[in-house]
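Q: start-v8.txt is reproduced below (compact mmCIF, N, CA and C atoms).
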# COMPACT_ATOMS: atom_id res chain seq x y z
N MET A 1 -34.88 -28.47 -39.51
CA MET A 1 -35.54 -29.61 -40.10
C MET A 1 -34.52 -30.37 -40.95
N SER A 2 -34.52 -31.68 -40.84
CA SER A 2 -33.66 -32.52 -41.68
C SER A 2 -34.14 -32.48 -43.12
N CYS A 3 -33.20 -32.47 -44.02
CA CYS A 3 -33.53 -32.46 -45.44
C CYS A 3 -32.34 -33.01 -46.23
N VAL A 4 -32.56 -33.18 -47.52
CA VAL A 4 -31.50 -33.66 -48.42
C VAL A 4 -31.39 -32.68 -49.58
N LEU A 5 -30.16 -32.29 -49.88
CA LEU A 5 -29.88 -31.42 -51.01
C LEU A 5 -29.41 -32.29 -52.17
N ARG A 6 -30.17 -32.27 -53.26
CA ARG A 6 -29.84 -33.07 -54.44
C ARG A 6 -28.76 -32.41 -55.28
N ASP A 7 -28.08 -33.24 -56.05
CA ASP A 7 -27.11 -32.79 -57.05
C ASP A 7 -25.96 -31.97 -56.47
N HIS A 8 -25.55 -32.31 -55.24
CA HIS A 8 -24.39 -31.71 -54.58
C HIS A 8 -23.65 -32.80 -53.81
N ARG A 9 -22.39 -32.52 -53.50
CA ARG A 9 -21.62 -33.42 -52.64
C ARG A 9 -20.68 -32.60 -51.77
N ARG A 10 -20.21 -33.22 -50.70
CA ARG A 10 -19.23 -32.57 -49.83
C ARG A 10 -17.84 -32.78 -50.40
N ALA A 11 -16.96 -31.80 -50.17
CA ALA A 11 -15.58 -31.90 -50.64
C ALA A 11 -14.70 -30.99 -49.79
N TRP A 12 -13.45 -31.39 -49.62
CA TRP A 12 -12.45 -30.55 -48.96
C TRP A 12 -11.84 -29.68 -50.04
N ASP A 13 -12.53 -28.59 -50.40
CA ASP A 13 -12.05 -27.86 -51.58
C ASP A 13 -12.05 -26.34 -51.46
N VAL A 14 -12.05 -25.81 -50.22
CA VAL A 14 -11.85 -24.37 -50.03
C VAL A 14 -10.82 -24.17 -48.92
N ALA A 15 -10.19 -23.00 -48.92
CA ALA A 15 -9.20 -22.72 -47.88
C ALA A 15 -9.13 -21.22 -47.61
N MET A 16 -8.61 -20.90 -46.43
CA MET A 16 -8.26 -19.53 -46.07
C MET A 16 -6.74 -19.42 -46.07
N ASP A 17 -6.25 -18.21 -46.28
CA ASP A 17 -4.82 -17.96 -46.22
C ASP A 17 -4.49 -17.47 -44.81
N ASN A 18 -3.83 -18.30 -44.03
CA ASN A 18 -3.56 -17.98 -42.63
C ASN A 18 -2.57 -16.82 -42.46
N ARG A 19 -1.97 -16.38 -43.53
CA ARG A 19 -1.05 -15.24 -43.47
C ARG A 19 -1.80 -13.92 -43.43
N GLU A 20 -3.06 -13.91 -43.85
CA GLU A 20 -3.84 -12.69 -43.94
C GLU A 20 -4.55 -12.39 -42.63
N SER A 21 -4.65 -11.11 -42.30
CA SER A 21 -5.42 -10.65 -41.15
C SER A 21 -6.62 -9.87 -41.67
N ILE A 22 -7.81 -10.40 -41.44
CA ILE A 22 -9.03 -9.78 -41.93
C ILE A 22 -9.89 -9.42 -40.72
N PRO A 23 -10.17 -8.13 -40.50
CA PRO A 23 -11.00 -7.74 -39.35
C PRO A 23 -12.30 -8.52 -39.31
N GLY A 24 -12.63 -9.05 -38.13
CA GLY A 24 -13.85 -9.81 -37.96
C GLY A 24 -13.71 -11.27 -38.37
N TYR A 25 -12.51 -11.70 -38.75
CA TYR A 25 -12.33 -13.09 -39.17
C TYR A 25 -11.48 -13.83 -38.15
N LYS A 26 -10.60 -14.68 -38.58
CA LYS A 26 -9.82 -15.53 -37.69
C LYS A 26 -8.47 -15.84 -38.29
N PHE A 27 -7.62 -16.43 -37.49
CA PHE A 27 -6.38 -17.02 -37.95
C PHE A 27 -6.04 -18.14 -36.98
N TYR A 28 -5.00 -18.89 -37.28
CA TYR A 28 -4.62 -20.03 -36.45
C TYR A 28 -3.17 -19.89 -36.00
N VAL A 29 -2.90 -20.44 -34.79
CA VAL A 29 -1.54 -20.47 -34.27
C VAL A 29 -1.18 -21.91 -33.91
N ASP A 30 0.11 -22.17 -33.88
CA ASP A 30 0.63 -23.45 -33.44
C ASP A 30 0.45 -23.52 -31.92
N PRO A 31 -0.17 -24.59 -31.39
CA PRO A 31 -0.42 -24.64 -29.94
C PRO A 31 0.85 -24.75 -29.09
N GLU A 32 1.93 -25.22 -29.66
CA GLU A 32 3.17 -25.36 -28.89
C GLU A 32 4.02 -24.10 -28.91
N THR A 33 4.09 -23.44 -30.06
CA THR A 33 4.97 -22.27 -30.18
C THR A 33 4.22 -20.95 -30.09
N GLY A 34 2.89 -20.98 -30.34
CA GLY A 34 2.12 -19.74 -30.39
C GLY A 34 2.33 -18.96 -31.67
N GLU A 35 3.16 -19.49 -32.55
CA GLU A 35 3.43 -18.80 -33.82
C GLU A 35 2.31 -19.06 -34.83
N ARG A 36 2.18 -18.11 -35.72
CA ARG A 36 1.17 -18.18 -36.78
C ARG A 36 1.79 -18.83 -38.01
N PRO A 37 1.45 -20.09 -38.31
CA PRO A 37 2.08 -20.75 -39.46
C PRO A 37 1.63 -20.14 -40.78
N ARG A 38 2.54 -20.11 -41.73
CA ARG A 38 2.28 -19.55 -43.06
C ARG A 38 1.70 -20.66 -43.94
N VAL A 39 0.44 -21.00 -43.66
CA VAL A 39 -0.23 -22.11 -44.34
C VAL A 39 -1.60 -21.65 -44.84
N TYR A 40 -2.16 -22.46 -45.68
CA TYR A 40 -3.56 -22.34 -46.08
C TYR A 40 -4.31 -23.39 -45.27
N VAL A 41 -5.45 -23.02 -44.69
CA VAL A 41 -6.23 -23.94 -43.87
C VAL A 41 -7.47 -24.34 -44.66
N ALA A 42 -7.60 -25.65 -44.92
CA ALA A 42 -8.69 -26.17 -45.75
C ALA A 42 -9.96 -26.41 -44.93
N TYR A 43 -11.09 -26.27 -45.61
CA TYR A 43 -12.40 -26.50 -44.99
C TYR A 43 -13.26 -27.36 -45.90
N LEU A 44 -14.22 -28.00 -45.25
CA LEU A 44 -15.21 -28.79 -45.97
C LEU A 44 -16.23 -27.85 -46.61
N SER A 45 -16.66 -28.19 -47.80
CA SER A 45 -17.69 -27.40 -48.46
C SER A 45 -18.63 -28.35 -49.20
N ILE A 46 -19.59 -27.75 -49.86
CA ILE A 46 -20.40 -28.52 -50.80
C ILE A 46 -20.20 -27.91 -52.17
N ARG A 47 -20.41 -28.74 -53.18
CA ARG A 47 -20.30 -28.25 -54.55
C ARG A 47 -21.26 -29.04 -55.42
N PRO A 48 -21.70 -28.43 -56.52
CA PRO A 48 -22.62 -29.13 -57.42
C PRO A 48 -22.00 -30.42 -57.95
N GLU A 49 -22.80 -31.47 -57.94
CA GLU A 49 -22.37 -32.77 -58.47
C GLU A 49 -23.63 -33.55 -58.85
N PRO A 50 -23.97 -33.58 -60.15
CA PRO A 50 -25.18 -34.27 -60.59
C PRO A 50 -25.23 -35.72 -60.08
N GLY A 51 -26.40 -36.09 -59.57
CA GLY A 51 -26.63 -37.45 -59.10
C GLY A 51 -26.23 -37.71 -57.67
N GLU A 52 -25.50 -36.81 -57.04
CA GLU A 52 -25.10 -36.97 -55.65
C GLU A 52 -26.09 -36.24 -54.75
N SER A 53 -26.00 -36.46 -53.45
CA SER A 53 -26.86 -35.74 -52.51
C SER A 53 -26.14 -35.55 -51.18
N VAL A 54 -26.57 -34.52 -50.45
CA VAL A 54 -25.98 -34.16 -49.17
C VAL A 54 -27.11 -34.04 -48.15
N PRO A 55 -27.08 -34.87 -47.09
CA PRO A 55 -28.06 -34.67 -46.02
C PRO A 55 -27.66 -33.46 -45.19
N GLY A 56 -28.64 -32.78 -44.64
CA GLY A 56 -28.33 -31.60 -43.84
C GLY A 56 -29.51 -31.14 -43.03
N LEU A 57 -29.38 -29.96 -42.49
CA LEU A 57 -30.42 -29.33 -41.68
C LEU A 57 -30.76 -27.98 -42.27
N ALA A 58 -32.02 -27.64 -42.22
CA ALA A 58 -32.48 -26.32 -42.63
C ALA A 58 -33.14 -25.67 -41.43
N PHE A 59 -32.93 -24.37 -41.27
CA PHE A 59 -33.53 -23.66 -40.15
C PHE A 59 -33.85 -22.24 -40.59
N PRO A 60 -34.90 -21.67 -40.01
CA PRO A 60 -35.29 -20.32 -40.40
C PRO A 60 -34.32 -19.28 -39.86
N VAL A 61 -34.08 -18.24 -40.65
CA VAL A 61 -33.24 -17.11 -40.23
C VAL A 61 -33.90 -15.81 -40.66
N THR A 62 -33.60 -14.77 -39.92
CA THR A 62 -34.08 -13.43 -40.29
C THR A 62 -33.13 -12.86 -41.35
N ASP A 63 -33.53 -11.77 -41.95
CA ASP A 63 -32.65 -11.10 -42.91
C ASP A 63 -31.34 -10.68 -42.26
N ASP A 64 -31.41 -10.17 -41.03
CA ASP A 64 -30.18 -9.77 -40.31
C ASP A 64 -29.28 -10.97 -40.05
N GLU A 65 -29.87 -12.09 -39.66
CA GLU A 65 -29.08 -13.30 -39.42
C GLU A 65 -28.43 -13.79 -40.71
N LEU A 66 -29.16 -13.68 -41.82
CA LEU A 66 -28.62 -14.09 -43.11
C LEU A 66 -27.43 -13.21 -43.50
N GLU A 67 -27.53 -11.92 -43.26
CA GLU A 67 -26.40 -11.02 -43.52
C GLU A 67 -25.20 -11.40 -42.66
N GLY A 68 -25.44 -11.77 -41.41
CA GLY A 68 -24.36 -12.21 -40.54
C GLY A 68 -23.71 -13.49 -41.04
N LEU A 69 -24.52 -14.41 -41.53
CA LEU A 69 -23.97 -15.65 -42.10
C LEU A 69 -23.13 -15.34 -43.34
N ASP A 70 -23.60 -14.42 -44.17
CA ASP A 70 -22.83 -14.04 -45.36
C ASP A 70 -21.44 -13.52 -44.98
N ARG A 71 -21.37 -12.71 -43.92
CA ARG A 71 -20.07 -12.18 -43.47
C ARG A 71 -19.20 -13.31 -42.91
N ARG A 72 -19.80 -14.20 -42.15
CA ARG A 72 -19.05 -15.27 -41.49
C ARG A 72 -18.52 -16.30 -42.49
N GLU A 73 -19.32 -16.62 -43.48
CA GLU A 73 -18.98 -17.69 -44.42
C GLU A 73 -18.23 -17.15 -45.64
N ARG A 74 -17.12 -16.50 -45.41
CA ARG A 74 -16.39 -15.80 -46.47
C ARG A 74 -15.70 -16.73 -47.47
N ASN A 75 -15.61 -18.02 -47.18
CA ASN A 75 -15.04 -18.97 -48.15
C ASN A 75 -16.12 -19.60 -49.03
N TYR A 76 -17.33 -19.11 -48.88
CA TYR A 76 -18.48 -19.72 -49.55
C TYR A 76 -19.35 -18.65 -50.20
N GLU A 77 -20.17 -19.09 -51.15
CA GLU A 77 -21.14 -18.21 -51.80
C GLU A 77 -22.53 -18.74 -51.48
N ARG A 78 -23.42 -17.84 -51.09
CA ARG A 78 -24.80 -18.24 -50.79
C ARG A 78 -25.55 -18.44 -52.10
N ARG A 79 -26.20 -19.61 -52.22
CA ARG A 79 -26.98 -19.91 -53.43
C ARG A 79 -28.37 -20.38 -53.06
N ASP A 80 -29.32 -20.01 -53.89
CA ASP A 80 -30.70 -20.47 -53.73
C ASP A 80 -30.79 -21.91 -54.21
N VAL A 81 -31.11 -22.83 -53.31
CA VAL A 81 -31.20 -24.26 -53.65
C VAL A 81 -32.60 -24.80 -53.38
N THR A 82 -33.58 -23.92 -53.30
CA THR A 82 -34.94 -24.29 -52.96
C THR A 82 -35.43 -25.46 -53.80
N ASP A 83 -35.19 -25.41 -55.10
CA ASP A 83 -35.70 -26.45 -56.00
C ASP A 83 -34.91 -27.77 -55.89
N LEU A 84 -33.81 -27.78 -55.16
CA LEU A 84 -32.98 -28.97 -55.04
C LEU A 84 -33.12 -29.67 -53.69
N VAL A 85 -33.98 -29.13 -52.81
CA VAL A 85 -34.19 -29.73 -51.50
C VAL A 85 -35.38 -30.66 -51.57
N GLU A 86 -35.19 -31.87 -51.05
CA GLU A 86 -36.23 -32.91 -51.13
C GLU A 86 -37.28 -32.77 -50.04
N ALA A 87 -37.69 -31.56 -49.78
CA ALA A 87 -38.77 -31.30 -48.83
C ALA A 87 -39.29 -29.89 -49.12
N ASP A 88 -40.58 -29.71 -48.88
CA ASP A 88 -41.14 -28.36 -49.01
C ASP A 88 -40.99 -27.69 -47.66
N LEU A 89 -40.09 -26.74 -47.58
CA LEU A 89 -39.81 -26.07 -46.31
C LEU A 89 -40.58 -24.77 -46.17
N GLY A 90 -41.45 -24.50 -47.12
CA GLY A 90 -42.33 -23.35 -47.00
C GLY A 90 -41.70 -22.01 -47.31
N GLY A 91 -40.58 -22.01 -47.96
CA GLY A 91 -39.93 -20.75 -48.31
C GLY A 91 -38.64 -21.01 -49.04
N ARG A 92 -37.90 -19.94 -49.26
CA ARG A 92 -36.63 -20.04 -49.97
C ARG A 92 -35.59 -20.75 -49.09
N VAL A 93 -34.77 -21.58 -49.74
CA VAL A 93 -33.72 -22.31 -49.04
C VAL A 93 -32.38 -21.92 -49.64
N TRP A 94 -31.45 -21.54 -48.76
CA TRP A 94 -30.11 -21.14 -49.18
C TRP A 94 -29.10 -22.18 -48.72
N ALA A 95 -28.03 -22.32 -49.47
CA ALA A 95 -26.89 -23.15 -49.06
C ALA A 95 -25.63 -22.37 -49.38
N TYR A 96 -24.59 -22.63 -48.61
CA TYR A 96 -23.30 -21.99 -48.84
C TYR A 96 -22.40 -22.99 -49.55
N VAL A 97 -22.08 -22.64 -50.80
CA VAL A 97 -21.27 -23.48 -51.69
C VAL A 97 -19.87 -22.89 -51.76
N GLY A 98 -18.87 -23.74 -51.84
CA GLY A 98 -17.48 -23.26 -51.91
C GLY A 98 -17.31 -22.21 -52.98
N SER A 99 -16.71 -21.08 -52.61
CA SER A 99 -16.53 -19.97 -53.56
C SER A 99 -15.35 -20.22 -54.48
N VAL A 100 -15.34 -19.50 -55.59
CA VAL A 100 -14.20 -19.57 -56.51
C VAL A 100 -12.94 -19.12 -55.79
N ALA A 101 -13.02 -18.03 -55.03
CA ALA A 101 -11.84 -17.53 -54.31
C ALA A 101 -11.34 -18.56 -53.29
N GLY A 102 -12.26 -19.20 -52.58
CA GLY A 102 -11.87 -20.22 -51.60
C GLY A 102 -11.22 -21.43 -52.27
N ARG A 103 -11.77 -21.84 -53.42
CA ARG A 103 -11.16 -22.97 -54.16
C ARG A 103 -9.80 -22.57 -54.71
N ASN A 104 -9.67 -21.32 -55.16
CA ASN A 104 -8.36 -20.85 -55.66
C ASN A 104 -7.32 -20.84 -54.55
N ARG A 105 -7.72 -20.44 -53.34
CA ARG A 105 -6.77 -20.46 -52.23
C ARG A 105 -6.32 -21.89 -51.93
N LEU A 106 -7.24 -22.84 -51.99
CA LEU A 106 -6.86 -24.23 -51.77
C LEU A 106 -5.87 -24.68 -52.85
N ALA A 107 -6.13 -24.32 -54.10
CA ALA A 107 -5.22 -24.70 -55.19
C ALA A 107 -3.84 -24.07 -54.98
N GLN A 108 -3.79 -22.82 -54.53
CA GLN A 108 -2.50 -22.17 -54.25
C GLN A 108 -1.75 -22.91 -53.15
N GLY A 109 -2.47 -23.28 -52.09
CA GLY A 109 -1.85 -24.02 -51.01
C GLY A 109 -1.34 -25.38 -51.44
N ARG A 110 -2.11 -26.05 -52.28
CA ARG A 110 -1.66 -27.35 -52.81
C ARG A 110 -0.39 -27.18 -53.64
N SER A 111 -0.38 -26.17 -54.51
CA SER A 111 0.78 -25.99 -55.39
C SER A 111 2.04 -25.63 -54.60
N ARG A 112 1.86 -25.00 -53.45
CA ARG A 112 3.00 -24.61 -52.61
C ARG A 112 3.33 -25.66 -51.54
N GLY A 113 2.46 -26.67 -51.43
CA GLY A 113 2.66 -27.69 -50.40
C GLY A 113 2.43 -27.16 -49.00
N THR A 114 1.55 -26.15 -48.87
CA THR A 114 1.35 -25.52 -47.57
C THR A 114 -0.12 -25.51 -47.13
N VAL A 115 -0.91 -26.46 -47.60
CA VAL A 115 -2.30 -26.52 -47.17
C VAL A 115 -2.45 -27.62 -46.12
N VAL A 116 -3.20 -27.31 -45.05
CA VAL A 116 -3.42 -28.24 -43.96
C VAL A 116 -4.89 -28.20 -43.54
N VAL A 117 -5.28 -29.19 -42.75
CA VAL A 117 -6.60 -29.21 -42.12
C VAL A 117 -6.36 -29.11 -40.62
N SER A 118 -7.08 -28.23 -39.96
CA SER A 118 -6.98 -28.10 -38.51
C SER A 118 -7.60 -29.34 -37.85
N ARG A 119 -6.84 -29.97 -36.97
CA ARG A 119 -7.32 -31.18 -36.29
C ARG A 119 -8.63 -30.91 -35.54
N GLY A 120 -8.71 -29.78 -34.84
CA GLY A 120 -9.93 -29.46 -34.10
C GLY A 120 -11.14 -29.31 -35.01
N TYR A 121 -10.94 -28.65 -36.15
CA TYR A 121 -12.03 -28.49 -37.11
C TYR A 121 -12.45 -29.85 -37.66
N LEU A 122 -11.48 -30.69 -38.02
CA LEU A 122 -11.78 -32.01 -38.55
C LEU A 122 -12.58 -32.83 -37.55
N GLU A 123 -12.21 -32.78 -36.28
CA GLU A 123 -12.93 -33.53 -35.26
C GLU A 123 -14.38 -33.07 -35.15
N LYS A 124 -14.61 -31.76 -35.25
CA LYS A 124 -15.99 -31.24 -35.21
C LYS A 124 -16.79 -31.70 -36.43
N VAL A 125 -16.16 -31.67 -37.60
CA VAL A 125 -16.83 -32.11 -38.83
C VAL A 125 -17.21 -33.58 -38.74
N LEU A 126 -16.28 -34.42 -38.29
CA LEU A 126 -16.54 -35.85 -38.20
C LEU A 126 -17.65 -36.16 -37.19
N ALA A 127 -17.73 -35.37 -36.12
CA ALA A 127 -18.78 -35.56 -35.12
C ALA A 127 -20.14 -35.11 -35.63
N ALA A 128 -20.15 -34.13 -36.51
CA ALA A 128 -21.40 -33.53 -36.97
C ALA A 128 -22.01 -34.22 -38.19
N PHE A 129 -21.18 -34.77 -39.07
CA PHE A 129 -21.68 -35.28 -40.34
C PHE A 129 -21.30 -36.74 -40.54
N ASP A 130 -22.29 -37.58 -40.76
CA ASP A 130 -22.02 -38.98 -41.10
C ASP A 130 -21.44 -39.07 -42.50
N GLY A 131 -20.51 -39.98 -42.67
CA GLY A 131 -20.00 -40.27 -44.00
C GLY A 131 -18.95 -39.33 -44.54
N VAL A 132 -18.53 -38.35 -43.77
CA VAL A 132 -17.47 -37.45 -44.23
C VAL A 132 -16.15 -38.19 -44.16
N MET A 133 -15.40 -38.12 -45.22
CA MET A 133 -14.11 -38.79 -45.28
C MET A 133 -13.01 -37.86 -44.78
N VAL A 134 -12.07 -38.43 -44.06
CA VAL A 134 -10.88 -37.69 -43.67
C VAL A 134 -10.07 -37.47 -44.94
N PRO A 135 -9.66 -36.25 -45.22
CA PRO A 135 -8.92 -36.01 -46.46
C PRO A 135 -7.55 -36.70 -46.41
N ASP A 136 -7.36 -37.69 -47.27
CA ASP A 136 -6.10 -38.44 -47.24
C ASP A 136 -4.97 -37.73 -47.97
N ASP A 137 -5.29 -36.66 -48.68
CA ASP A 137 -4.25 -35.95 -49.42
C ASP A 137 -3.87 -34.61 -48.78
N LEU A 138 -4.42 -34.33 -47.60
CA LEU A 138 -4.11 -33.07 -46.90
C LEU A 138 -3.62 -33.39 -45.49
N PRO A 139 -2.49 -32.81 -45.09
CA PRO A 139 -1.99 -33.06 -43.74
C PRO A 139 -2.93 -32.49 -42.67
N ILE A 140 -3.05 -33.22 -41.57
CA ILE A 140 -3.83 -32.78 -40.43
C ILE A 140 -2.84 -32.16 -39.43
N ARG A 141 -3.18 -30.98 -38.92
CA ARG A 141 -2.24 -30.28 -38.04
C ARG A 141 -2.99 -29.70 -36.84
N ALA A 142 -2.39 -29.84 -35.67
CA ALA A 142 -2.95 -29.20 -34.47
C ALA A 142 -2.77 -27.69 -34.62
N LEU A 143 -3.87 -26.97 -34.54
CA LEU A 143 -3.87 -25.51 -34.62
C LEU A 143 -4.88 -24.96 -33.64
N LEU A 144 -4.62 -23.78 -33.13
CA LEU A 144 -5.56 -23.09 -32.27
C LEU A 144 -6.13 -21.89 -33.00
N ARG A 145 -7.44 -21.78 -32.99
CA ARG A 145 -8.10 -20.67 -33.66
C ARG A 145 -8.05 -19.41 -32.79
N ARG A 146 -7.80 -18.29 -33.45
CA ARG A 146 -7.82 -16.99 -32.80
C ARG A 146 -8.71 -16.07 -33.64
N ASP A 147 -9.67 -15.43 -32.98
CA ASP A 147 -10.57 -14.53 -33.69
C ASP A 147 -9.99 -13.12 -33.71
N ILE A 148 -10.20 -12.44 -34.82
CA ILE A 148 -9.75 -11.05 -34.97
C ILE A 148 -10.97 -10.16 -34.77
N ARG A 149 -10.86 -9.26 -33.89
CA ARG A 149 -11.98 -8.33 -33.62
C ARG A 149 -12.15 -7.38 -34.80
N PRO A 150 -13.41 -7.01 -35.08
CA PRO A 150 -13.65 -6.06 -36.19
C PRO A 150 -13.04 -4.69 -35.94
Taking this structure as input, can you express it in the form of structure tokens?

A:
Amino acid sequence: MSCVLRDHRRAWDVAMDNRESIPGYKFYVDPETGERPRVYVAYLSIRPEPGESVPGLAFPVTDDELEGLDRRERNYERRDVTDLVEADLGGRVWAYVGSVAGRNRLAQGRSRGTVVVSRGYLEKVLAAFDGVMVPDDLPIRALLRRDIRP
């Protein structure tokens, strides 16, 4: 169901450290060389921002599905935003907000000059969300995602 989350905005403010190998997660390689670049890869997130709003979708999930989302969304923290959604969805509403650890990784990448946005990820974000800005302060780089088996 379409809905609007009040007092939040989108931001390019979390990252993963592509040097780390985490079972069940992912990493990126250069499509030309196949090498794993020593970069931080930035992602879009939401964060609290009074007076702003974020359009989105809400959908029902089981407890098991929610646990799976928690594992998958490791750059984010699940928060109860039921009172901030401009619709009565008949139950608790969760959103994944950029985590402190994810924001710290982005800051580390910025300080080292090694944070990038994956071109493929950016293209998916732009296709999915109206009004998302291309980050003008982060380099866009062609990368191929590789999943790590648990």

Q: Check the smallest atom-to-atom distance from each of A:Arg110, A:Arg119, A:Arg74, A:Lys124 to Asp137 of chain A using only C-alpha atoms, then report the winner.

A: A:Arg110

Q: Could you pull the residues within 6.5 Å of segment 21-23 of chain A, counting all atoms listed in the file, minus those fewer than 3 positions along the same chain, as a CSV table (one decimal) with N, CA and C atoms, in the coordinates of the input?

A:
chain,number,residue,atom,x,y,z
A,18,ASN,N,-3.8,-18.3,-44.0
A,18,ASN,CA,-3.6,-18.0,-42.6
A,18,ASN,C,-2.6,-16.8,-42.5
A,26,LYS,N,-10.6,-14.7,-38.6
A,26,LYS,CA,-9.8,-15.5,-37.7
A,26,LYS,C,-8.5,-15.8,-38.3
A,148,ILE,N,-10.2,-12.4,-34.8
A,148,ILE,CA,-9.8,-11.0,-35.0
A,148,ILE,C,-11.0,-10.2,-34.8
A,149,ARG,N,-10.9,-9.3,-33.9
A,149,ARG,CA,-12.0,-8.3,-33.6
A,149,ARG,C,-12.2,-7.4,-34.8
A,150,PRO,N,-13.4,-7.0,-35.1
A,150,PRO,CA,-13.6,-6.1,-36.2
A,150,PRO,C,-13.0,-4.7,-35.9

Q: Tell me which protein, DNA and RNA residues are within 6 Å of Asp17 of chain A, counting only N, CA and C atoms, leaving out same-chain ones fewer than 2 positions away, and put them as number ranges by chain.

A: A: 15, 19-20, 39-41

Q: Could you check which of A:Glu77, A:Gly120, A:Asp70, A:Ala128 is closest to Val100 of chain A, using all atoms listed in the file?

A: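 Looking at the shortest contact to Val100 of chain A, the residue is A:Glu77.
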
Q: Using only C-alpha atoms, can you tell me which of A:Ala42, A:Met16, A:Ala87, A:Met1 comes closest to Val134 of chain A?

A: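 Checking each candidate against Val134 of chain A, we get A:Ala42 as the closest.
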
Q: Out of A:Gly131, A:Gly34, A:Pro48, A:Gly24, which residue has the shortest atom-to-atom distance to Val81 of chain A when counting only C-alpha atoms?

A: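 For Val81 of chain A, the nearest of the given residues is A:Pro48.
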
Q: As a ChimeraX atom specification, list the residues of chain A assigned to alpha helix (DSSP H) by DSSP on the backbone atoms of this structure.

A: /A:63-72,100-112,119-128

Q: Just how far from atom C of Val54 of chain A is atom CA of Val93 of chain A, in Å to one decimal?

A: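 Interatomic distance, atom CA of Val93 of chain A to atom C of Val54 of chain A: 13.5 Å.
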
Q: Quick one: pull the distance between atom CA of Gly113 of chain A and atom CA of Pro135 of chain A, Å, one decimal.

A: 14.8 Å

Q: Need the shell around Ser53 of chain A: protein/DNA/RNA residues with any atom at most 8 Å away, counting only N, CA and C atoms. Skip same-chain ones fewer than 5 positions apart. Format as an MDAnalysis selection string?

A: chainID A and resid 4:10

Q: To one decimal place, how far is atom N of Leu122 of chain A from atom N of Val14 of chain A in Å?

A: 13.2 Å

Q: DSSP says strand (DSSP E) for which residues of chain A? Put them as an MDAnalysis selection string?

A: chainID A and resid 2:17 26:29 40:57 76:80 94:98 115:118 140:141 144:147

Q: Residues at most 10 Å from Tyr43 of chain A, counting only C-alpha atoms, excluding those fewer than 2 positions away in the same chain, as JSON, numbers by chain?

A: {"A": [11, 12, 13, 14, 15, 16, 40, 41, 45, 75, 98, 102, 103, 106, 116, 117, 118, 121, 122, 125]}

Q: Which residue out of A:Arg38, A:Arg78, A:Pro60, A:Ser111 has the minimum interatomic distance to Val97 of chain A when only N, CA and C atoms are used?

A: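 Of A:Arg38, A:Arg78, A:Pro60, A:Ser111, the one nearest Val97 of chain A, counting only N, CA and C atoms, is A:Arg78.
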
Q: Find the residue from A:Ser99, A:Pro55, A:Arg36, A:Ile46 that sits nearest to Phe129 of chain A; use only N, CA and C atoms when measuring.

A: A:Pro55
